[in-house]
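The file structure35.pdb comes next; it holds PDB, C-alpha atoms.
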ATOM      1  CA  MET K  13     132.244 112.402  98.979
ATOM      2  CA  LYS K  14     129.714 110.911 101.391
ATOM      3  CA  ILE K  15     128.157 112.220 104.578
ATOM      4  CA  ILE K  16     126.313 110.593 107.462
ATOM      5  CA  ILE K  17     122.884 112.079 108.113
ATOM      6  CA  THR K  18     119.664 111.106 109.858
ATOM      7  CA  LEU K  19     116.570 110.855 107.698
ATOM      8  CA  SER K  20     113.255 109.060 107.254
ATOM      9  CA  ILE K  21     113.231 106.313 104.651
ATOM     10  CA  GLY K  22     111.364 103.087 103.918
ATOM     11  CA  ALA K  23     112.313 100.747 106.733
ATOM     12  CA  LEU K  24     114.437  97.700 106.007
ATOM     13  CA  PHE K  25     111.524  95.600 107.192
ATOM     14  CA  ALA K  26     107.875  96.524 106.663
ATOM     15  CA  SER K  27     104.600  94.678 106.271
ATOM     16  CA  CYS K  28     104.599  92.707 103.019
ATOM     17  CA  SER K  29     100.952  93.488 102.335
ATOM     18  CA  GLN K  30     101.440  97.059 103.558
ATOM     19  CA  SER K  31      98.163  96.828 105.468
ATOM     20  CA  ASN K  32      99.784  98.947 108.161
ATOM     21  CA  PRO K  33     101.628 101.921 106.611
ATOM     22  CA  ASN K  34     102.786 102.845 110.118
ATOM     23  CA  ASN K  35     105.538 100.253 109.655
ATOM     24  CA  ILE K  36     106.967 101.997 106.609
ATOM     25  CA  LEU K  37     108.820 104.872 108.204
ATOM     26  CA  ASP K  38     111.742 104.543 110.559
ATOM     27  CA  THR K  39     114.380 107.112 111.402
ATOM     28  CA  VAL K  40     117.768 105.613 110.669
ATOM     29  CA  ILE K  41     121.353 106.735 110.376
ATOM     30  CA  THR K  42     122.757 105.793 107.006
ATOM     31  CA  THR K  43     125.258 106.792 104.348
ATOM     32  CA  VAL K  44     123.825 108.992 101.619
ATOM     33  CA  ASN K  45     125.406 110.443  98.514
ATOM     34  CA  THR K  46     125.763 114.211  98.727
ATOM     35  CA  ASP K  47     124.035 114.515  95.341
ATOM     36  CA  SER K  48     120.684 113.446  96.864
ATOM     37  CA  ILE K  49     119.667 117.072  97.462
ATOM     38  CA  LYS K  50     120.570 117.989  93.887
ATOM     39  CA  ARG K  51     118.618 114.983  92.635
ATOM     40  CA  ALA K  52     115.535 116.029  94.614
ATOM     41  CA  ALA K  53     115.712 119.465  92.995
ATOM     42  CA  LYS K  54     116.263 117.950  89.554
ATOM     43  CA  PHE K  55     113.133 115.809  89.792
ATOM     44  CA  GLN K  56     110.999 118.261  91.753
ATOM     45  CA  SER K  57     108.460 118.365  88.921
ATOM     46  CA  THR K  58     107.665 114.677  89.502
ATOM     47  CA  SER K  59     107.305 114.880  93.289
ATOM     48  CA  GLU K  60     103.490 114.944  93.162
ATOM     49  CA  ILE K  61     103.255 112.010  90.747
ATOM     50  CA  ALA K  62     102.715 108.596  92.305
ATOM     51  CA  TYR K  63     102.616 106.622  89.045
ATOM     52  CA  GLY K  64     101.734 107.562  85.474
ATOM     53  CA  LYS K  65      98.916 110.111  85.642
ATOM     54  CA  VAL K  66      98.132 109.258  89.262
ATOM     55  CA  LYS K  67      99.043 111.979  91.752
ATOM     56  CA  PHE K  68      99.350 111.836  95.514
ATOM     57  CA  GLY K  69      96.317 113.228  97.307
ATOM     58  CA  ILE K  70      93.638 112.057  94.875
ATOM     59  CA  THR K  71      90.552 110.147  96.024
ATOM     60  CA  LYS K  72      89.870 106.439  95.547
ATOM     61  CA  LYS K  73      87.281 107.292  92.903
ATOM     62  CA  ALA K  74      89.831 109.308  90.934
ATOM     63  CA  TYR K  75      92.455 106.580  91.338
ATOM     64  CA  ASP K  76      90.096 103.844  90.127
ATOM     65  CA  LYS K  77      89.310 105.915  87.047
ATOM     66  CA  LEU K  78      92.990 106.348  86.195
ATOM     67  CA  MET K  79      94.035 102.816  87.203
ATOM     68  CA  PRO K  80      91.037 100.536  86.531
ATOM     69  CA  GLU K  81      93.172  97.378  86.484
ATOM     70  CA  MET K  82      94.975  95.955  89.512
ATOM     71  CA  SER K  83      97.544  94.191  87.313
ATOM     72  CA  ASN K  84      99.806  96.387  85.167
ATOM     73  CA  LYS K  85     102.987  95.792  83.194
ATOM     74  CA  ILE K  86     106.214  97.507  84.226
ATOM     75  CA  GLY K  87     109.070  96.806  81.854
ATOM     76  CA  ALA K  88     109.127  93.066  81.167
ATOM     77  CA  TYR K  89     106.811  91.876  83.963
ATOM     78  CA  ASP K  90     103.278  92.249  85.310
ATOM     79  CA  TYR K  91     102.753  93.524  88.861
ATOM     80  CA  MET K  92      99.757  94.112  91.103
ATOM     81  CA  PHE K  93      99.044  97.684  92.240
ATOM     82  CA  LEU K  94      97.614  98.267  95.732
ATOM     83  CA  PRO K  95      96.779 101.920  96.535
ATOM     84  CA  GLN K  96      96.910 103.265 100.106
ATOM     85  CA  TYR K  97      94.909 106.156 101.494
ATOM     86  CA  ASP K  98      95.243 108.338 104.574
ATOM     87  CA  LYS K  99      92.530 109.117 107.142
ATOM     88  CA  GLN K 100      91.026 111.711 104.805
ATOM     89  CA  GLY K 101      90.772 109.218 101.956
ATOM     90  CA  LYS K 102      93.624 110.772  99.981
ATOM     91  CA  LEU K 103      96.165 108.643  98.137
ATOM     92  CA  MET K 104      99.464 108.603 100.010
ATOM     93  CA  GLY K 105     101.169 105.641  98.361
ATOM     94  CA  ILE K 106     101.031 102.701  95.970
ATOM     95  CA  PHE K 107     102.346  99.276  96.917
ATOM     96  CA  ILE K 108     103.392  97.305  93.835
ATOM     97  CA  GLN K 109     104.094  93.585  94.029
ATOM     98  CA  SER K 110     104.904  90.695  91.727
ATOM     99  CA  TYR K 111     102.992  87.436  91.815
ATOM    100  CA  LYS K 112     104.067  85.140  94.631
ATOM    101  CA  GLU K 113     106.583  82.359  94.085
ATOM    102  CA  THR K 114     108.264  79.690  96.203
ATOM    103  CA  ALA K 115     111.807  80.004  97.540
ATOM    104  CA  ASN K 116     113.064  78.105  94.474
ATOM    105  CA  TYR K 117     112.501  81.284  92.437
ATOM    106  CA  ILE K 118     114.242  83.813  94.702
ATOM    107  CA  ASP K 119     117.572  83.655  92.872
ATOM    108  CA  ASN K 120     116.063  83.687  89.389
ATOM    109  CA  LYS K 121     112.557  84.944  88.580
ATOM    110  CA  LEU K 122     112.026  87.043  91.712
ATOM    111  CA  THR K 123     115.485  88.585  91.446
ATOM    112  CA  ASP K 124     114.788  89.296  87.769
ATOM    113  CA  GLU K 125     111.504  90.998  88.712
ATOM    114  CA  LEU K 126     113.294  93.043  91.369
ATOM    115  CA  ASN K 127     116.057  94.026  88.948
ATOM    116  CA  ASN K 128     113.434  94.878  86.335
ATOM    117  CA  LEU K 129     111.895  97.389  88.750
ATOM    118  CA  ARG K 130     115.334  98.765  89.588
ATOM    119  CA  ASP K 131     116.299  99.209  85.944
ATOM    120  CA  VAL K 132     113.027 100.921  84.994
ATOM    121  CA  ILE K 133     113.226 103.338  87.926
ATOM    122  CA  LYS K 134     116.955 103.919  87.385
ATOM    123  CA  ALA K 135     116.337 104.847  83.739
ATOM    124  CA  LYS K 136     114.441 107.899  84.977
ATOM    125  CA  TYR K 137     115.833 108.681  88.417
ATOM    126  CA  GLU K 138     119.434 107.475  88.027
ATOM    127  CA  ASP K 139     121.191 105.288  90.616
ATOM    128  CA  PRO K 140     119.413 104.594  93.924
ATOM    129  CA  THR K 141     120.064 107.022  96.746
ATOM    130  CA  ILE K 142     120.625 104.073  99.075
ATOM    131  CA  ASP K 143     121.648 100.465  98.431
ATOM    132  CA  HIS K 144     120.919  98.268 101.475
ATOM    133  CA  GLY K 145     122.542  95.248  99.850
ATOM    134  CA  LYS K 146     121.055  92.036  98.495
ATOM    135  CA  PRO K 147     118.296  90.497 100.653
ATOM    136  CA  GLU K 148     119.531  87.498 102.650
ATOM    137  CA  PHE K 149     117.386  84.368 102.641
ATOM    138  CA  PHE K 150     117.800  83.685 106.366
ATOM    139  CA  ASN K 151     116.687  87.243 107.168
ATOM    140  CA  PHE K 152     113.243  86.740 105.647
ATOM    141  CA  LYS K 153     110.327  86.779 108.076
ATOM    142  CA  PRO K 154     106.667  86.053 107.239
ATOM    143  CA  GLY K 155     104.811  89.252 106.373
ATOM    144  CA  MET K 156     107.974  91.337 106.197
ATOM    145  CA  VAL K 157     110.011  93.041 103.460
ATOM    146  CA  GLN K 158     113.755  93.254 102.981
ATOM    147  CA  TYR K 159     114.214  96.492 101.070
ATOM    148  CA  GLN K 160     117.244  96.715  98.792
ATOM    149  CA  TYR K 161     117.104 100.085  97.023
ATOM    150  CA  ASP K 162     115.716 103.525  97.933
ATOM    151  CA  TRP K 163     115.268 106.626  95.791
ATOM    152  CA  GLU K 164     114.760 109.851  97.747
ATOM    153  CA  LEU K 165     113.155 112.455  95.507
ATOM    154  CA  GLY K 166     112.158 115.258  97.827
ATOM    155  CA  SER K 167     108.795 114.333  99.354
ATOM    156  CA  LYS K 168     108.465 111.384  96.955
ATOM    157  CA  MET K 169     110.078 108.134  98.032
ATOM    158  CA  ILE K 170     110.523 104.901  96.084
ATOM    159  CA  THR K 171     111.823 101.723  97.696
ATOM    160  CA  ILE K 172     112.055  98.181  96.305
ATOM    161  CA  GLY K 173     112.938  94.762  97.685
ATOM    162  CA  LEU K 174     111.711  91.219  98.329
ATOM    163  CA  CYS K 175     109.106  90.062 100.830
ATOM    164  CA  GLU K 176     107.892  86.823 102.355
ATOM    165  CA  GLU K 177     104.133  86.277 102.471
ATOM    166  CA  GLU K 178     102.428  86.329 105.874
ATOM    167  CA  GLY K 179     101.696  82.621 105.517
ATOM    168  CA  GLY K 180     105.402  81.967 104.980
ATOM    169  CA  SER K 181     107.375  80.111 102.285
ATOM    170  CA  GLU K 182     106.122  82.293  99.398
ATOM    171  CA  TYR K 183     107.818  85.453  98.173
ATOM    172  CA  ARG K 184     107.326  88.539  95.999
ATOM    173  CA  ALA K 185     109.339  91.371  94.496
ATOM    174  CA  VAL K 186     107.857  94.619  95.801
ATOM    175  CA  CYS K 187     108.004  98.353  95.200
ATOM    176  CA  TYR K 188     106.555 101.051  97.431
ATOM    177  CA  ILE K 189     106.015 104.589  96.131
ATOM    178  CA  TYR K 190     104.818 107.059  98.743
ATOM    179  CA  ASN K 191     104.634 110.694  99.769
ATOM    180  CA  ASP K 192     106.899 111.078 102.784
ATOM    181  CA  THR K 193     105.024 114.075 104.218
ATOM    182  CA  MET K 194     101.660 112.327 104.064
ATOM    183  CA  MET K 195     103.136 109.104 105.417
ATOM    184  CA  GLN K 196     104.736 110.878 108.366
ATOM    185  CA  ALA K 197     101.437 112.602 109.177
ATOM    186  CA  PHE K 198      99.694 109.215 109.039
ATOM    187  CA  LYS K 199     102.313 107.691 111.315
ATOM    188  CA  ASP K 200     102.001 110.537 113.825
ATOM    189  CA  SER K 201      98.221 110.153 113.839
ATOM    190  CA  GLU K 202      98.482 106.413 114.438
ATOM    191  CA  SER K 203     101.010 106.982 117.221
ATOM    192  CA  LYS K 204      98.690 109.418 119.014
ATOM    193  CA  LYS K 205      95.797 106.993 118.619
ATOM    194  CA  SER K 206      97.896 104.196 120.115
ATOM    195  CA  GLU K 207      98.829 106.357 123.098
ATOM    196  CA  GLN K 208      95.182 107.223 123.706
ATOM    197  CA  VAL K 209      94.263 103.530 123.686
ATOM    198  CA  LYS K 210      97.038 102.774 126.186
ATOM    199  CA  LYS K 211      95.922 105.574 128.506
ATOM    200  CA  ALA K 212      92.307 104.406 128.344
ATOM    201  CA  ALA K 213      93.400 100.857 129.157
ATOM    202  CA  ALA K 214      95.601 102.099 132.011
ATOM    203  CA  ASN K 215      92.589 103.729 133.664
ATOM    204  CA  ASN K 216      91.178 100.254 134.247
ATOM    205  CA  PHE K 217      93.932  99.452 136.743
TER     206      PHE K 217
END
Structure re-expressed in structure tokens:
Amino acid sequence: MKIIITLSIGALFASCSQSNPNNILDTVITTVNTDSIKRAAKFQSTSEIAYGKVKFGITKKAYDKLMPEMSNKIGAYDYMFLPQYDKQGKLMGIFIQSYKETANYIDNKLTDELNNLRDVIKAKYEDPTIDHGKPEFFNFKPGMVQYQYDWELGSKMITIGLCEEEGGSEYRAVCYIYNDTMMQAFKDSESKKSEQVKKAAANNF
């Protein structure tokens, strides 16, 4: 049985480099398996773990000690790890990406790297909570991600897909692991900051 609910998930499109985490969260209406709540409870013990021994909320210094290398192997492939921190300098997410390739590799190597991520995550967390469908080539936009799979694990979210580089014509398989509570707080803070800037600018008229 399936139900329709409103929830916050990784947006279908978000910055490929993830330089602006404010793009990550969107409120959408989607179809979700009713076992998602049970799954969140089942994996509650992992909700504070970002990756390996790295936990959400640690400092950059602590992260660098635990993850000294930017490139790390996941399953059969190597990926680059890019940590993200909130305004207080606490880790709120890790953006993981493959090495960039041309469009000629979308249907082979990049898809293999995406499926590799899916299979590794699925081995622990079972089937994805949401399947957005296979990324479409003509829907790619420079600097944006087409997310394909989401795992909702309480406050911990994992989403994977393919992105086109900001310069265009080069692509990566990507995975974003983040703490939904911290991300929402970051988004709210950025939204308030944006409103303050608009009001200050409006006073000039």
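The residue set within 7 Å of Glu178 (chain K), counting all atoms listed in the file and dropping same-chain residues fewer than 2 places from it, reads Pro154, Gly155, Glu176 and Gly180 of chain K.
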### Distance query 10 Å from (110.1, 85.8, 91.6) using all atoms listed in the file, result as a VMD selection string
chain K and resid 110 to 126 174 182 to 185
### Query
Counting only C-alpha atoms, which of K:Cys175, K:Ala135, K:Ile189, K:Met194 gets nearest to Gly64 (chain K)?
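Looking only at the distances to Gly64 (chain K), the closest residue turns out to be K:Ile189.
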### Reference answer for the PyMOL selection byres ((chain K and resi 84) around 12), as a ChimeraX atom specification
/K:63-64,79-83,85-94,108-111
### Task
List the neighbours of Lys77 (chain K) out to 12 Å using all atoms listed in the file; skip same-chain residues closer than 6 positions along the sequence, and give me the result as a list in words.
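Near neighbours after the sequence-gap exclusion: Lys65, Val66, Ile70 and Thr71 of chain K.
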### Task
For the structure shown, which residues end up in the PyMOL selection byres ((chain K and resi 51) around 9)? Put them as an MDAnalysis selection string, please?
chainID K and resid 47:50 52:56 137:138 164:166
### Query
Applied to this file, what does the PyMOL selection byres ((chain K and resi 190) around 6) return in terms of residues, put as a count of residues only?
6
### Message
Report, in Å with one decimal, the straight-line distance from CA of Thr193 (chain K) to CA of Asp162 (chain K).
### Response
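Distance between the two atoms: 16.3 Å.
Checking K:Ile172, K:Gln208, K:Lys73, K:Val186 one by one against Asp143 (chain K), counting only C-alpha atoms, you find the shortest gap at K:Ile172.
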### Query
Hey, can you check how far CA of Lys205 (chain K) sits from CA of Val157 (chain K)?
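Taking CA of Lys205 (chain K) as the start and CA of Val157 (chain K) as the end point, the length is 25.0 Å.
Using only C-alpha atoms, the shortest contact distance between Ala74 (chain K) and any of K:Lys204, K:Lys136, K:Lys102, K:Lys210 is found at K:Lys102.
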#### Entry: Computed interatomic separation between CA of Gln158 (chain K) and CA of Ala62 (chain K) (Å)
21.7 Å
